[in-house]
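Just input.csv here, CSV, C-alpha atoms (C1' of nucleotides):
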chain,number,residue,atom,x,y,z
I,171,MET,CA,0.0,0.0,0.0
I,172,SER,CA,1.0,3.7,0.1
I,173,ILE,CA,3.8,5.1,-1.9
I,174,ASP,CA,6.9,3.6,-3.4
I,175,ARG,CA,9.3,6.5,-4.1
I,176,ARG,CA,11.0,4.9,-7.1
I,177,SER,CA,12.3,8.4,-7.7
I,178,GLY,CA,11.7,12.0,-6.8
I,179,CYS,CA,10.6,13.0,-10.3
I,180,PRO,CA,7.2,14.8,-10.2
I,181,ILE,CA,5.8,12.8,-13.0
I,182,ASN,CA,6.9,9.5,-11.4
I,183,LEU,CA,5.5,10.5,-8.1
I,184,SER,CA,2.2,11.6,-9.7
I,185,LEU,CA,2.0,8.2,-11.3
I,186,GLU,CA,2.6,6.5,-8.0
I,187,VAL,CA,-0.5,8.3,-6.8
I,188,PHE,CA,-2.9,7.6,-9.6
I,189,GLY,CA,-1.0,5.5,-12.1
I,190,ASP,CA,-3.3,2.5,-11.7
I,191,ARG,CA,-6.5,1.5,-13.4
I,192,TRP,CA,-9.0,2.8,-10.7
I,193,SER,CA,-7.8,5.7,-8.6
I,194,LEU,CA,-8.4,8.3,-11.2
I,195,ILE,CA,-11.8,6.8,-12.2
I,196,ILE,CA,-12.9,7.1,-8.5
I,197,LEU,CA,-11.7,10.7,-8.4
I,198,ARG,CA,-13.5,11.4,-11.7
I,199,ASP,CA,-16.8,10.1,-10.3
I,200,MET,CA,-16.4,12.1,-7.2
I,201,ILE,CA,-15.4,15.3,-9.0
I,202,PHE,CA,-17.7,15.2,-12.0
I,203,GLY,CA,-20.4,12.8,-10.8
I,204,GLY,CA,-20.7,14.2,-7.4
I,205,LYS,CA,-20.5,10.7,-5.8
I,206,ARG,CA,-19.8,10.8,-2.1
I,207,HIS,CA,-20.7,7.4,-0.8
I,208,PHE,CA,-19.3,3.9,-1.2
I,209,ARG,CA,-22.5,2.6,-2.9
I,210,ASP,CA,-22.6,5.5,-5.3
I,211,LEU,CA,-19.1,4.8,-6.4
I,212,LEU,CA,-19.7,1.1,-6.6
I,213,ASN,CA,-22.8,1.1,-8.7
I,214,GLY,CA,-22.5,4.4,-10.3
I,215,SER,CA,-19.5,4.1,-12.5
I,216,LEU,CA,-19.8,2.7,-15.9
I,217,GLU,CA,-16.6,0.8,-15.6
I,218,GLY,CA,-17.8,-1.5,-12.8
I,219,ILE,CA,-15.3,-1.5,-10.1
I,220,ALA,CA,-15.2,-4.4,-7.6
I,221,SER,CA,-16.1,-3.6,-4.0
I,222,ASN,CA,-12.7,-4.9,-2.6
I,223,ILE,CA,-10.8,-2.8,-5.0
I,224,LEU,CA,-13.0,0.2,-4.3
I,225,ALA,CA,-12.4,-0.2,-0.6
I,226,ASP,CA,-8.7,-0.6,-1.1
I,227,ARG,CA,-8.4,2.5,-3.3
I,228,LEU,CA,-10.5,4.7,-1.0
I,229,LYS,CA,-8.2,3.7,1.9
I,230,ARG,CA,-5.1,4.4,-0.2
I,231,LEU,CA,-6.4,7.7,-1.5
I,232,MET,CA,-7.1,8.7,2.1
I,233,GLU,CA,-3.6,7.7,3.2
I,234,LEU,CA,-2.2,9.8,0.4
I,235,GLY,CA,-4.2,12.8,1.4
I,236,MET,CA,-6.5,13.0,-1.6
I,237,LEU,CA,-9.7,12.1,0.3
I,238,THR,CA,-11.1,12.3,3.8
I,239,ARG,CA,-13.8,10.2,5.3
I,240,ALA,CA,-16.5,11.2,7.8
I,241,ASP,CA,-19.6,9.7,9.3
I,242,ASP,CA,-22.8,10.7,7.6
I,243,PRO,CA,-25.0,12.2,10.3
I,244,THR,CA,-28.2,11.0,8.6
I,245,HIS,CA,-27.2,7.3,8.7
I,246,LYS,CA,-25.1,5.6,11.3
I,247,GLN,CA,-23.4,3.3,8.8
I,248,LYS,CA,-23.0,5.7,6.0
I,249,ALA,CA,-19.6,7.1,5.3
I,250,ILE,CA,-19.2,10.3,3.3
I,251,TYR,CA,-16.0,10.9,1.4
I,252,SER,CA,-14.7,14.3,0.6
I,253,LEU,CA,-12.1,15.6,-1.8
I,254,THR,CA,-9.2,17.5,-0.3
I,255,GLU,CA,-7.6,20.5,-2.0
I,256,MET,CA,-5.0,18.2,-3.3
I,257,ALA,CA,-7.6,16.3,-5.3
I,258,ILE,CA,-9.6,19.3,-6.3
I,259,THR,CA,-6.5,20.8,-8.0
I,260,LEU,CA,-6.5,17.8,-10.3
I,261,VAL,CA,-9.4,19.4,-12.2
I,262,PRO,CA,-7.1,21.1,-14.9
I,263,ILE,CA,-5.3,17.8,-15.4
I,264,LEU,CA,-8.6,15.9,-15.9
I,265,ALA,CA,-9.7,18.6,-18.2
I,266,HIS,CA,-6.6,18.3,-20.3
I,267,LEU,CA,-6.8,14.5,-20.2
I,268,GLY,CA,-10.4,14.6,-21.4
I,269,ALA,CA,-9.5,17.0,-24.2
I,270,TRP,CA,-6.6,14.8,-25.3
I,271,GLY,CA,-8.7,11.6,-25.2
I,272,ARG,CA,-11.4,13.3,-27.2
I,273,VAL,CA,-8.9,14.0,-30.0
I,274,TRP,CA,-7.0,10.7,-30.0
I,275,LEU,CA,-9.2,8.0,-28.6
I,276,PRO,CA,-12.5,6.4,-29.7
I,277,VAL,CA,-14.6,8.2,-27.1
I,278,SER,CA,-18.4,8.0,-27.1
I,279,GLU,CA,-20.4,11.2,-27.6
I,280,GLU,CA,-22.5,10.9,-24.5
I,281,LEU,CA,-19.5,10.5,-22.3
I,282,SER,CA,-17.3,13.1,-23.9
I,283,ILE,CA,-19.7,16.0,-24.0
I,284,ARG,CA,-18.6,17.0,-20.5
I,285,ALA,CA,-15.0,17.0,-21.5
I,286,GLU,CA,-15.9,19.1,-24.5
I,287,LEU,CA,-17.8,21.7,-22.4
I,288,LEU,CA,-15.0,21.8,-19.9
I,289,GLU,CA,-12.5,22.3,-22.7
I,290,LYS,CA,-14.5,25.1,-24.2
I,291,GLY,CA,-14.9,26.8,-20.8
I,292,GLY,CA,-11.2,26.8,-20.3
I,293,PRO,CA,-9.3,27.8,-17.2
I,294,PRO,CA,-12.0,30.3,-16.0
I,295,MET,CA,-14.6,27.5,-16.0
I,296,TRP,CA,-12.1,25.2,-14.2
I,297,GLU,CA,-11.5,27.7,-11.5
I,298,LYS,CA,-15.2,28.2,-11.0
I,299,PHE,CA,-15.7,24.5,-10.8
I,300,MET,CA,-12.9,24.1,-8.3
I,301,ASP,CA,-14.5,26.7,-6.1
I,302,GLU,CA,-17.8,24.8,-6.2
I,303,LEU,CA,-16.0,21.7,-5.2
I,304,ARG,CA,-14.3,23.5,-2.3
I,305,HIS,CA,-17.7,24.5,-1.2
I,306,GLU,CA,-19.1,21.0,-1.3
I,307,HIS,CA,-16.1,19.2,0.1
I,308,LEU,CA,-14.2,21.5,2.2
I,309,GLY,CA,-17.1,23.5,3.7
I,310,THR,CA,-15.7,26.9,3.0
I,311,PRO,CA,-18.5,29.1,4.3
I,312,SER,CA,-17.0,32.3,2.9
I,313,ASP,CA,-19.3,33.1,0.0
I,314,THR,CA,-22.6,31.5,-1.0
I,315,PRO,CA,-22.4,28.9,-3.7
I,316,PRO,CA,-23.5,30.3,-7.1
I,317,ASP,CA,-26.9,29.5,-8.6
I,318,ALA,CA,-25.7,28.4,-12.0
I,319,THR,CA,-23.1,25.8,-11.1
I,320,VAL,CA,-20.6,24.4,-13.5
I,321,ARG,CA,-21.7,20.9,-12.5
I,322,ALA,CA,-25.3,21.8,-13.6
I,323,THR,CA,-24.0,23.1,-16.9
I,324,LEU,CA,-22.1,19.8,-17.5
I,325,GLN,CA,-25.1,17.7,-16.5
I,326,THR,CA,-27.5,19.7,-18.7
I,327,GLY,CA,-25.1,19.2,-21.7
I,328,TYR,CA,-24.9,15.5,-21.0
I,329,GLU,CA,-28.7,15.2,-20.8
I,330,ALA,CA,-29.1,17.1,-24.0
I,331,VAL,CA,-26.9,14.6,-25.9
I,332,VAL,CA,-28.6,11.6,-24.3
I,333,ALA,CA,-32.0,13.0,-25.2
I,334,ARG,CA,-31.0,13.7,-28.8
I,335,LYS,CA,-29.6,10.2,-29.2
I,336,ALA,CA,-32.5,8.4,-27.6
I,337,PRO,CA,-35.6,10.6,-27.9
I,338,GLY,CA,-38.2,10.0,-25.2
I,339,ALA,CA,-35.7,8.3,-22.8
I,340,GLY,CA,-33.0,9.9,-20.7
I,341,ARG,CA,-33.0,11.7,-17.3
I,342,ASP,CA,-32.1,8.4,-15.4
I,343,ALA,CA,-28.7,6.7,-15.3
I,344,ASP,CA,-25.7,8.9,-14.6
I,345,ALA,CA,-22.2,8.2,-15.8
T,141,MET,CA,-2.4,-6.5,-24.7
T,142,SER,CA,-3.9,-3.5,-26.4
T,143,ILE,CA,-7.0,-1.7,-25.2
T,144,ASP,CA,-9.9,-2.8,-23.0
T,145,ARG,CA,-12.7,-0.4,-23.7
T,146,ARG,CA,-14.3,-0.5,-20.3
T,147,SER,CA,-16.2,2.6,-21.3
T,148,GLY,CA,-16.0,5.4,-23.9
T,149,CYS,CA,-15.3,8.0,-21.3
T,150,PRO,CA,-12.3,10.1,-22.4
T,151,ILE,CA,-10.6,9.9,-19.0
T,152,ASN,CA,-11.1,6.2,-18.8
T,153,LEU,CA,-9.8,5.6,-22.3
T,154,SER,CA,-6.8,7.8,-21.6
T,155,LEU,CA,-6.1,5.8,-18.5
T,156,GLU,CA,-6.3,2.6,-20.6
T,157,VAL,CA,-3.5,4.1,-22.7
T,158,PHE,CA,-1.1,5.2,-20.0
T,159,GLY,CA,-2.7,4.3,-16.7
T,160,ASP,CA,0.0,1.9,-15.6
T,161,ARG,CA,3.3,2.3,-13.9
T,162,TRP,CA,5.6,2.5,-16.9
T,163,SER,CA,4.1,3.8,-20.1
T,164,LEU,CA,4.2,7.4,-19.1
T,165,ILE,CA,7.7,7.0,-17.6
T,166,ILE,CA,8.9,5.8,-21.0
T,167,LEU,CA,7.2,8.6,-22.8
T,168,ARG,CA,8.7,11.1,-20.3
T,169,ASP,CA,12.2,9.8,-21.0
T,170,MET,CA,11.6,10.0,-24.8
T,171,ILE,CA,10.1,13.5,-24.6
T,172,PHE,CA,12.3,15.2,-22.0
T,173,GLY,CA,15.3,12.9,-22.0
T,174,GLY,CA,15.6,12.5,-25.8
T,175,LYS,CA,15.9,8.8,-25.5
T,176,ARG,CA,15.3,6.9,-28.8
T,177,HIS,CA,16.9,3.5,-28.3
T,178,PHE,CA,16.0,0.4,-26.2
T,179,ARG,CA,19.2,0.6,-24.2
T,180,ASP,CA,18.9,4.3,-23.5
T,181,LEU,CA,15.5,3.7,-22.0
T,182,LEU,CA,16.5,0.6,-20.2
T,183,ASN,CA,19.6,2.1,-18.5
T,184,GLY,CA,18.8,5.7,-18.6
T,185,SER,CA,15.7,6.1,-16.4
T,186,LEU,CA,16.1,6.5,-12.7
T,187,GLU,CA,13.3,4.2,-11.9
T,188,GLY,CA,14.9,1.1,-13.4
T,189,ILE,CA,12.5,-0.6,-15.7
T,190,ALA,CA,13.0,-4.3,-16.4
T,191,SER,CA,13.8,-5.2,-20.0
T,192,ASN,CA,10.8,-7.4,-20.5
T,193,ILE,CA,8.4,-4.7,-19.3
T,194,LEU,CA,10.1,-2.2,-21.5
T,195,ALA,CA,9.8,-4.5,-24.5
T,196,ASP,CA,6.1,-5.1,-23.7
T,197,ARG,CA,5.3,-1.4,-23.3
T,198,LEU,CA,7.1,-0.3,-26.4
T,199,LYS,CA,5.1,-2.9,-28.3
T,200,ARG,CA,1.9,-1.8,-26.7
T,201,LEU,CA,2.6,1.9,-27.3
T,202,MET,CA,3.3,1.2,-30.9
T,203,GLU,CA,0.0,-0.7,-31.2
T,204,LEU,CA,-1.8,2.2,-29.7
T,205,GLY,CA,-0.2,4.6,-32.2
T,206,MET,CA,1.9,6.5,-29.7
T,207,LEU,CA,5.3,5.4,-31.1
T,208,THR,CA,6.8,4.1,-34.3
T,209,ARG,CA,9.8,2.0,-34.7
T,210,ALA,CA,12.4,2.1,-37.5
T,211,ASP,CA,15.8,0.5,-38.2
T,212,ASP,CA,18.7,2.6,-37.3
T,213,PRO,CA,20.8,2.9,-40.5
T,214,THR,CA,24.1,3.1,-38.6
T,215,HIS,CA,23.6,-0.2,-36.8
T,216,LYS,CA,21.9,-3.2,-38.3
T,217,GLN,CA,20.4,-4.3,-34.9
T,218,LYS,CA,19.6,-0.9,-33.6
T,219,ALA,CA,16.0,0.2,-33.5
T,220,ILE,CA,15.0,3.8,-33.3
T,221,TYR,CA,11.8,4.7,-31.6
T,222,SER,CA,9.9,7.9,-32.5
T,223,LEU,CA,7.0,9.8,-30.9
T,224,THR,CA,3.9,10.2,-33.0
T,225,GLU,CA,1.9,13.4,-32.9
T,226,MET,CA,-0.5,11.6,-30.5
T,227,ALA,CA,2.4,11.3,-28.0
T,228,ILE,CA,3.8,14.8,-28.7
T,229,THR,CA,0.4,16.3,-27.7
T,230,LEU,CA,0.9,14.9,-24.3
T,231,VAL,CA,3.4,17.6,-23.5
T,232,PRO,CA,0.8,20.0,-21.9
T,233,ILE,CA,-0.5,17.1,-19.8
T,234,LEU,CA,3.0,16.2,-18.6
T,235,ALA,CA,3.6,19.9,-17.8
T,236,HIS,CA,0.4,20.0,-15.7
T,237,LEU,CA,1.2,16.7,-14.0
T,238,GLY,CA,4.7,17.9,-13.2
T,239,ALA,CA,3.3,21.2,-11.8
T,240,TRP,CA,0.8,19.3,-9.7
T,241,GLY,CA,3.4,16.9,-8.4
T,242,ARG,CA,5.7,19.8,-7.4
T,243,VAL,CA,3.0,21.3,-5.2
T,244,TRP,CA,1.7,18.1,-3.6
T,245,LEU,CA,4.3,15.5,-3.6
T,246,PRO,CA,7.8,15.1,-2.1
T,247,VAL,CA,9.7,15.8,-5.3
T,248,SER,CA,13.5,16.2,-5.3
T,249,GLU,CA,14.9,19.5,-6.5
T,250,GLU,CA,17.1,18.1,-9.2
T,251,LEU,CA,14.3,16.2,-10.8
T,252,SER,CA,11.7,18.9,-10.5
T,253,ILE,CA,13.6,21.8,-11.9
T,254,ARG,CA,12.5,20.9,-15.4
T,255,ALA,CA,8.9,20.8,-14.4
T,256,GLU,CA,9.4,24.2,-12.8
T,257,LEU,CA,10.9,25.7,-15.9
T,258,LEU,CA,8.2,24.2,-18.1
T,259,GLU,CA,5.6,25.6,-15.7
T,260,LYS,CA,7.1,29.0,-15.8
T,261,GLY,CA,7.4,28.9,-19.6
T,262,GLY,CA,3.7,28.2,-19.9
T,263,PRO,CA,1.8,27.2,-23.1
T,264,PRO,CA,4.1,29.2,-25.4
T,265,MET,CA,7.1,27.2,-24.2
T,266,TRP,CA,5.1,24.0,-24.5
T,267,GLU,CA,4.2,24.8,-28.1
T,268,LYS,CA,7.8,25.6,-29.0
T,269,PHE,CA,8.9,22.3,-27.4
T,270,MET,CA,6.3,20.3,-29.3
T,271,ASP,CA,7.5,21.8,-32.5
T,272,GLU,CA,11.0,20.7,-31.6
T,273,LEU,CA,9.8,17.2,-31.0
T,274,ARG,CA,8.0,17.2,-34.3
T,275,HIS,CA,11.2,18.1,-35.9
T,276,GLU,CA,13.1,15.4,-34.2
T,277,HIS,CA,10.5,12.6,-34.5
T,278,LEU,CA,8.3,13.4,-37.4
T,279,GLY,CA,10.9,14.8,-39.7
T,280,THR,CA,9.0,17.9,-40.7
T,281,PRO,CA,11.4,19.7,-43.0
T,282,SER,CA,9.4,22.9,-43.1
T,283,ASP,CA,11.5,25.3,-41.0
T,284,THR,CA,14.9,24.8,-39.6
T,285,PRO,CA,15.1,23.8,-35.9
T,286,PRO,CA,15.8,26.8,-33.7
T,287,ASP,CA,19.2,27.3,-32.1
T,288,ALA,CA,18.1,27.8,-28.6
T,289,THR,CA,16.0,24.7,-28.0
T,290,VAL,CA,13.6,24.2,-25.1
T,291,ARG,CA,15.3,20.9,-24.4
T,292,ALA,CA,18.7,22.7,-24.0
T,293,THR,CA,17.0,25.2,-21.7
T,294,LEU,CA,15.6,22.4,-19.5
T,295,GLN,CA,18.9,20.6,-19.6
T,296,THR,CA,20.9,23.7,-18.6
T,297,GLY,CA,18.6,24.3,-15.7
T,298,TYR,CA,19.0,20.8,-14.5
T,299,GLU,CA,22.8,20.9,-14.7
T,300,ALA,CA,22.7,24.2,-12.8
T,301,VAL,CA,20.8,22.6,-9.9
T,302,VAL,CA,23.1,19.5,-9.9
T,303,ALA,CA,26.2,21.7,-9.9
T,304,ARG,CA,24.9,23.8,-7.1
T,305,LYS,CA,24.1,20.8,-5.0
T,306,ALA,CA,27.3,18.9,-5.7
T,307,PRO,CA,30.0,21.4,-6.6
T,308,GLY,CA,32.7,19.8,-8.7
T,309,ALA,CA,30.6,16.9,-9.9
T,310,GLY,CA,27.8,16.9,-12.4
T,311,ARG,CA,27.7,16.8,-16.2
T,312,ASP,CA,27.3,13.0,-16.3
T,313,ALA,CA,24.2,10.9,-15.5
T,314,ASP,CA,21.0,12.1,-17.0
T,315,ALA,CA,17.6,11.6,-15.5
D,172,DT,C1',40.7,-13.8,-36.9
D,173,DG,C1',39.0,-13.8,-32.3
D,174,DC,C1',36.7,-12.1,-28.5
D,175,DA,C1',34.5,-8.9,-25.5
D,176,DA,C1',30.9,-5.6,-25.4
D,177,DC,C1',26.6,-4.3,-27.0
D,178,DT,C1',22.0,-4.8,-29.8
D,179,DG,C1',16.8,-5.5,-29.0
D,180,DA,C1',14.6,-8.6,-27.1
D,181,DT,C1',12.8,-13.5,-24.7
D,182,DT,C1',12.2,-17.0,-21.1
D,183,DG,C1',11.3,-19.0,-16.5
D,184,DC,C1',9.7,-18.2,-12.2
D,185,DA,C1',8.1,-16.0,-7.8
D,186,DA,C1',5.4,-12.3,-6.0
D,187,DA,C1',1.9,-9.1,-6.2
D,188,DA,C1',-2.3,-7.1,-8.1
D,189,DT,C1',-6.8,-7.8,-9.9
D,190,DG,C1',-11.5,-9.6,-10.6
D,191,DC,C1',-15.3,-12.1,-9.0
D,192,DA,C1',-18.7,-14.0,-5.9
D,193,DA,C1',-20.1,-14.8,-1.5
D,194,DT,C1',-20.3,-13.2,3.1
D,195,DT,C1',-20.0,-10.1,7.4
D,196,DG,C1',-22.0,-7.4,11.2
D,197,DG,C1',-24.8,-3.9,11.6
D,198,DT,C1',-28.8,-0.2,10.2
D,199,DT,C1',-32.7,1.4,8.3
D,200,DT,C1',-37.2,1.1,6.0
D,201,DG,C1',-41.8,-0.6,5.4
Y,138,DC,C1',-40.0,-8.5,12.0
Y,139,DA,C1',-38.3,-9.1,7.5
Y,140,DA,C1',-36.3,-7.2,3.4
Y,141,DA,C1',-33.3,-3.9,1.7
Y,142,DC,C1',-29.3,-1.4,2.3
Y,143,DC,C1',-24.6,0.0,4.5
Y,144,DA,C1',-19.4,-0.2,4.1
Y,145,DA,C1',-16.6,-3.2,3.8
Y,146,DT,C1',-14.0,-8.2,4.2
Y,147,DT,C1',-12.9,-13.0,2.8
Y,148,DG,C1',-11.4,-16.7,-0.3
Y,149,DC,C1',-9.9,-18.0,-4.5
Y,150,DA,C1',-8.6,-18.1,-9.5
Y,151,DT,C1',-6.5,-15.4,-13.0
Y,152,DT,C1',-3.6,-11.8,-14.6
Y,153,DT,C1',0.1,-8.7,-14.3
Y,154,DT,C1',4.5,-7.4,-12.6
Y,155,DG,C1',9.4,-7.7,-11.4
Y,156,DC,C1',13.7,-9.9,-11.4
Y,157,DA,C1',17.5,-12.5,-13.2
Y,158,DA,C1',19.3,-15.1,-16.6
Y,159,DT,C1',19.6,-15.9,-21.3
Y,160,DC,C1',19.2,-15.4,-26.5
Y,161,DA,C1',21.1,-14.8,-31.3
Y,162,DG,C1',23.1,-11.5,-33.9
Y,163,DT,C1',26.3,-7.2,-34.6
Y,164,DT,C1',30.0,-4.2,-33.8
Y,165,DG,C1',34.5,-2.5,-32.3
Y,166,DC,C1',39.0,-3.5,-31.4
Y,167,DA,C1',43.3,-6.1,-31.1

Please render this file's structure as structure tokens.
Amino acid sequence: MSIDRRSGCPINLSLEVFGDRWSLIILRDMIFGGKRHFRDLLNGSLEGIASNILADRLKRLMELGMLTRADDPTHKQKAIYSLTEMAITLVPILAHLGAWGRVWLPVSEELSIRAELLEKGGPPMWEKFMDELRHEHLGTPSDTPPDATVRATLQTGYEAVVARKAPGAGRDADA
Amino acid sequence: MSIDRRSGCPINLSLEVFGDRWSLIILRDMIFGGKRHFRDLLNGSLEGIASNILADRLKRLMELGMLTRADDPTHKQKAIYSLTEMAITLVPILAHLGAWGRVWLPVSEELSIRAELLEKGGPPMWEKFMDELRHEHLGTPSDTPPDATVRATLQTGYEAVVARKAPGAGRDADA
DNA sequence: TGCAACTGATTGCAAAATGCAATTGGTTTG
DNA sequence: CAAACCAATTGCATTTTGCAATCAGTTGCA
């Protein structure tokens, strides 16, 4: 578990944090999908993570300082996971990664609309989104969260694509 | 081998390309270290990749369209590996990744100076660097390669740090 | 000519990671 | 009180990784 320190190179160390098949998927679902609970992450992601792997990665990401865990006051067994600032600052990287993937890989339209909107929004949109995440996850009570959130924008765009592709359906499964 | 297609999400597909412990290290050494041969990559990287893993990843990266392989005219057995445009456009992602790692991870100064210079240079420097790489790897004969290359700048910065840390030594091992 | 050093790999094997299904002890809902 | 749900944990088969030794061919040098 935890980190290896093969070398002090920034790229190598970054890879040791999320250079595996699941860590970044989990962070993606928390950041863009708003998932906060074990079950949400387990059933919610399109890729189908196994529960033991999910448990392992959540633990590891906590050890690395990317996540925190707290008891959910509404449910004695429920744990609520939060992103730390360290994880929130991954947003620009995820945006770039999404943009790169859209160009070079066989992405599906439904799943890449968010990457496209995020790319079009550019750094100003990323900053706004990061502030929203800080609100949700770090509980900064400084200013009130804005009405028109970036997440809502991304979600609306996604639903528009789904509705266009399958008229009459939509509005249900998130990805 | 090759790709899994767990989902068409751009981030997932990107992870399927280089979401392992070695692919991005190899690309880093080719991009920033100028490594083009099997032995360079095998002995040159600080992290110490095994030869079977290196062979496997080179093959895989070729299948994915990130690298090409050609015979070296100066040596009948030597193969020379080149980056494709697909790989060259990873530069901004690597720059971001390096910047993120410098902030949040226990990087060593010698190995992060390049990331720092690249961060300070910003997108204009990245573009210049990508053009240099296109020259070296894609053989675009359009304009002549500039005298003051970004790679030389990065290398000079690296040597300055090494010389400052170990006066009298330096100038040898690359990383 | 002969031989060491070097070329891009390949093989065998142990260790670790992954994936899957079933299960755990407990909580909440109807 | 039972069914559904909660965050995990366990056992086990499969896959991937890491290490060391080895391969056949090429080159450089004496």

- [ ] Considering all atoms listed in the file, extract the chain T residues located within 9 Å of chain I and return them as an MDAnalysis selection string.
- [x] chainID T and resid 146:156 158:162 164:165 168 186:188 226 229:230 232:252 255 315

Report the closest atom pair, with its distance in Å rounded to one decimal, for each residue of chain Y that has an atom no farther than 9 Å from chain I; count all atoms listed in the file, sort by chain and then rising residue number, and write it as JSON lines.
{"residue": "Y:DC143", "atom": "C1'", "partner": "I:Gln247", "partner_atom": "CA", "distance": 5.6}
{"residue": "Y:DA144", "atom": "C1'", "partner": "I:Phe208", "partner_atom": "CA", "distance": 6.7}
{"residue": "Y:DA145", "atom": "C1'", "partner": "I:Ala225", "partner_atom": "CA", "distance": 6.8}
{"residue": "Y:DT146", "atom": "C1'", "partner": "I:Asn222", "partner_atom": "CA", "distance": 7.7}

Open item on the list: Taking all atoms listed in the file into account and nothing else, which residues of chain D lie no more than 10 Å away from chain T? Please answer as a ChimeraX atom specification.
Closed with: /D:177-182

- [ ] Have a look at C1' of DA150 in chain Y and C1' of DA188 in chain D and let me know their distance in Å, one decimal.
- [x]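 Straight-line distance from C1' of DA150 in chain Y to C1' of DA188 in chain D works out to 12.8 Å.
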
TODO: Excluding DG183 in chain D and residues on its chain fewer than 2 positions from it, collect all residues at most 12 Å away from it, counting all atoms listed in the file, and give them as an MDAnalysis selection string.
DONE: (chainID D and resid 181 185) or (chainID Y and resid 156:159)

- [ ] May I have the residues within 10 Å of Glu276 in chain T as a PyMOL selection string, using all atoms listed in the file and disregarding those fewer than 6 positions away in the same chain?
- [x] chain T and resi 174+222-223+270+285

Task: Two-atom distance - CA of Lys335 in chain I, CA of Asp199 in chain I (Å) - done: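 Here the two named atoms are 22.8 Å from each other.
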
- [ ] Could you tell me how far C1' of DC142 in chain Y lies from C1' of DT198 in chain D, in Å and to one decimal?
- [x]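 These two atoms are separated by 8.0 Å.
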
Open item on the list: Applying 12 Å and all atoms listed in the file, which residues near DA167 in chain Y remain after dropping the ones on its own chain fewer than 3 positions away? List them as a ChimeraX atom specification.
Closed with: /D:172-175

- [ ] Considering only C-alpha atoms, state which residue in the set T:Ala303, T:Leu278, T:Val290, T:Ile189 is at the smallest distance from Thr208 in chain T.
- [x]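 Using only C-alpha atoms, Thr208 in chain T sits closest to T:Leu278.
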
Could you add the missing atoms to range 208-221 of chain T, up to N, CA and C atoms, and return them as a PDB file, keeping the file's coordinate frame?
ATOM      1  N   THR T 208       6.443   4.945 -33.111  1.00  0.00           N
ATOM      2  CA  THR T 208       6.800   4.100 -34.300  1.00  0.00           C
ATOM      3  C   THR T 208       8.204   3.619 -34.098  1.00  0.00           C
ATOM      4  N   ARG T 209       8.515   2.594 -34.840  1.00  0.00           N
ATOM      5  CA  ARG T 209       9.800   2.000 -34.700  1.00  0.00           C
ATOM      6  C   ARG T 209      10.456   1.907 -36.113  1.00  0.00           C
ATOM      7  N   ALA T 210      11.737   2.213 -36.192  1.00  0.00           N
ATOM      8  CA  ALA T 210      12.400   2.100 -37.500  1.00  0.00           C
ATOM      9  C   ALA T 210      13.819   1.563 -37.249  1.00  0.00           C
ATOM     10  N   ASP T 211      14.379   0.958 -38.278  1.00  0.00           N
ATOM     11  CA  ASP T 211      15.800   0.500 -38.200  1.00  0.00           C
ATOM     12  C   ASP T 211      16.706   1.674 -38.197  1.00  0.00           C
ATOM     13  N   ASP T 212      17.702   1.585 -37.346  1.00  0.00           N
ATOM     14  CA  ASP T 212      18.700   2.600 -37.300  1.00  0.00           C
ATOM     15  C   ASP T 212      19.736   2.302 -38.436  1.00  0.00           C
ATOM     16  N   PRO T 213      19.913   3.216 -39.406  1.00  0.00           N
ATOM     17  CA  PRO T 213      20.800   2.900 -40.500  1.00  0.00           C
ATOM     18  C   PRO T 213      22.265   2.719 -40.129  1.00  0.00           C
ATOM     19  N   THR T 214      22.646   3.246 -38.960  1.00  0.00           N
ATOM     20  CA  THR T 214      24.100   3.100 -38.600  1.00  0.00           C
ATOM     21  C   THR T 214      24.373   1.817 -37.885  1.00  0.00           C
ATOM     22  N   HIS T 215      23.374   1.013 -37.618  1.00  0.00           N
ATOM     23  CA  HIS T 215      23.600  -0.200 -36.800  1.00  0.00           C
ATOM     24  C   HIS T 215      22.499  -1.183 -37.157  1.00  0.00           C
ATOM     25  N   LYS T 216      22.887  -2.322 -37.722  1.00  0.00           N
ATOM     26  CA  LYS T 216      21.900  -3.200 -38.300  1.00  0.00           C
ATOM     27  C   LYS T 216      20.883  -3.750 -37.225  1.00  0.00           C
ATOM     28  N   GLN T 217      21.312  -3.771 -35.944  1.00  0.00           N
ATOM     29  CA  GLN T 217      20.400  -4.300 -34.900  1.00  0.00           C
ATOM     30  C   GLN T 217      19.634  -3.200 -34.197  1.00  0.00           C
ATOM     31  N   LYS T 218      20.126  -1.990 -34.352  1.00  0.00           N
ATOM     32  CA  LYS T 218      19.600  -0.900 -33.600  1.00  0.00           C
ATOM     33  C   LYS T 218      18.202  -0.493 -34.097  1.00  0.00           C
ATOM     34  N   ALA T 219      17.266  -0.358 -33.178  1.00  0.00           N
ATOM     35  CA  ALA T 219      16.000   0.200 -33.500  1.00  0.00           C
ATOM     36  C   ALA T 219      15.860   1.586 -32.992  1.00  0.00           C
ATOM     37  N   ILE T 220      15.237   2.456 -33.739  1.00  0.00           N
ATOM     38  CA  ILE T 220      15.000   3.800 -33.300  1.00  0.00           C
ATOM     39  C   ILE T 220      13.548   4.066 -33.108  1.00  0.00           C
ATOM     40  N   TYR T 221      13.182   4.510 -31.936  1.00  0.00           N
ATOM     41  CA  TYR T 221      11.800   4.700 -31.600  1.00  0.00           C
ATOM     42  C   TYR T 221      11.463   6.225 -31.777  1.00  0.00           C
TER      43      TYR T 221
END
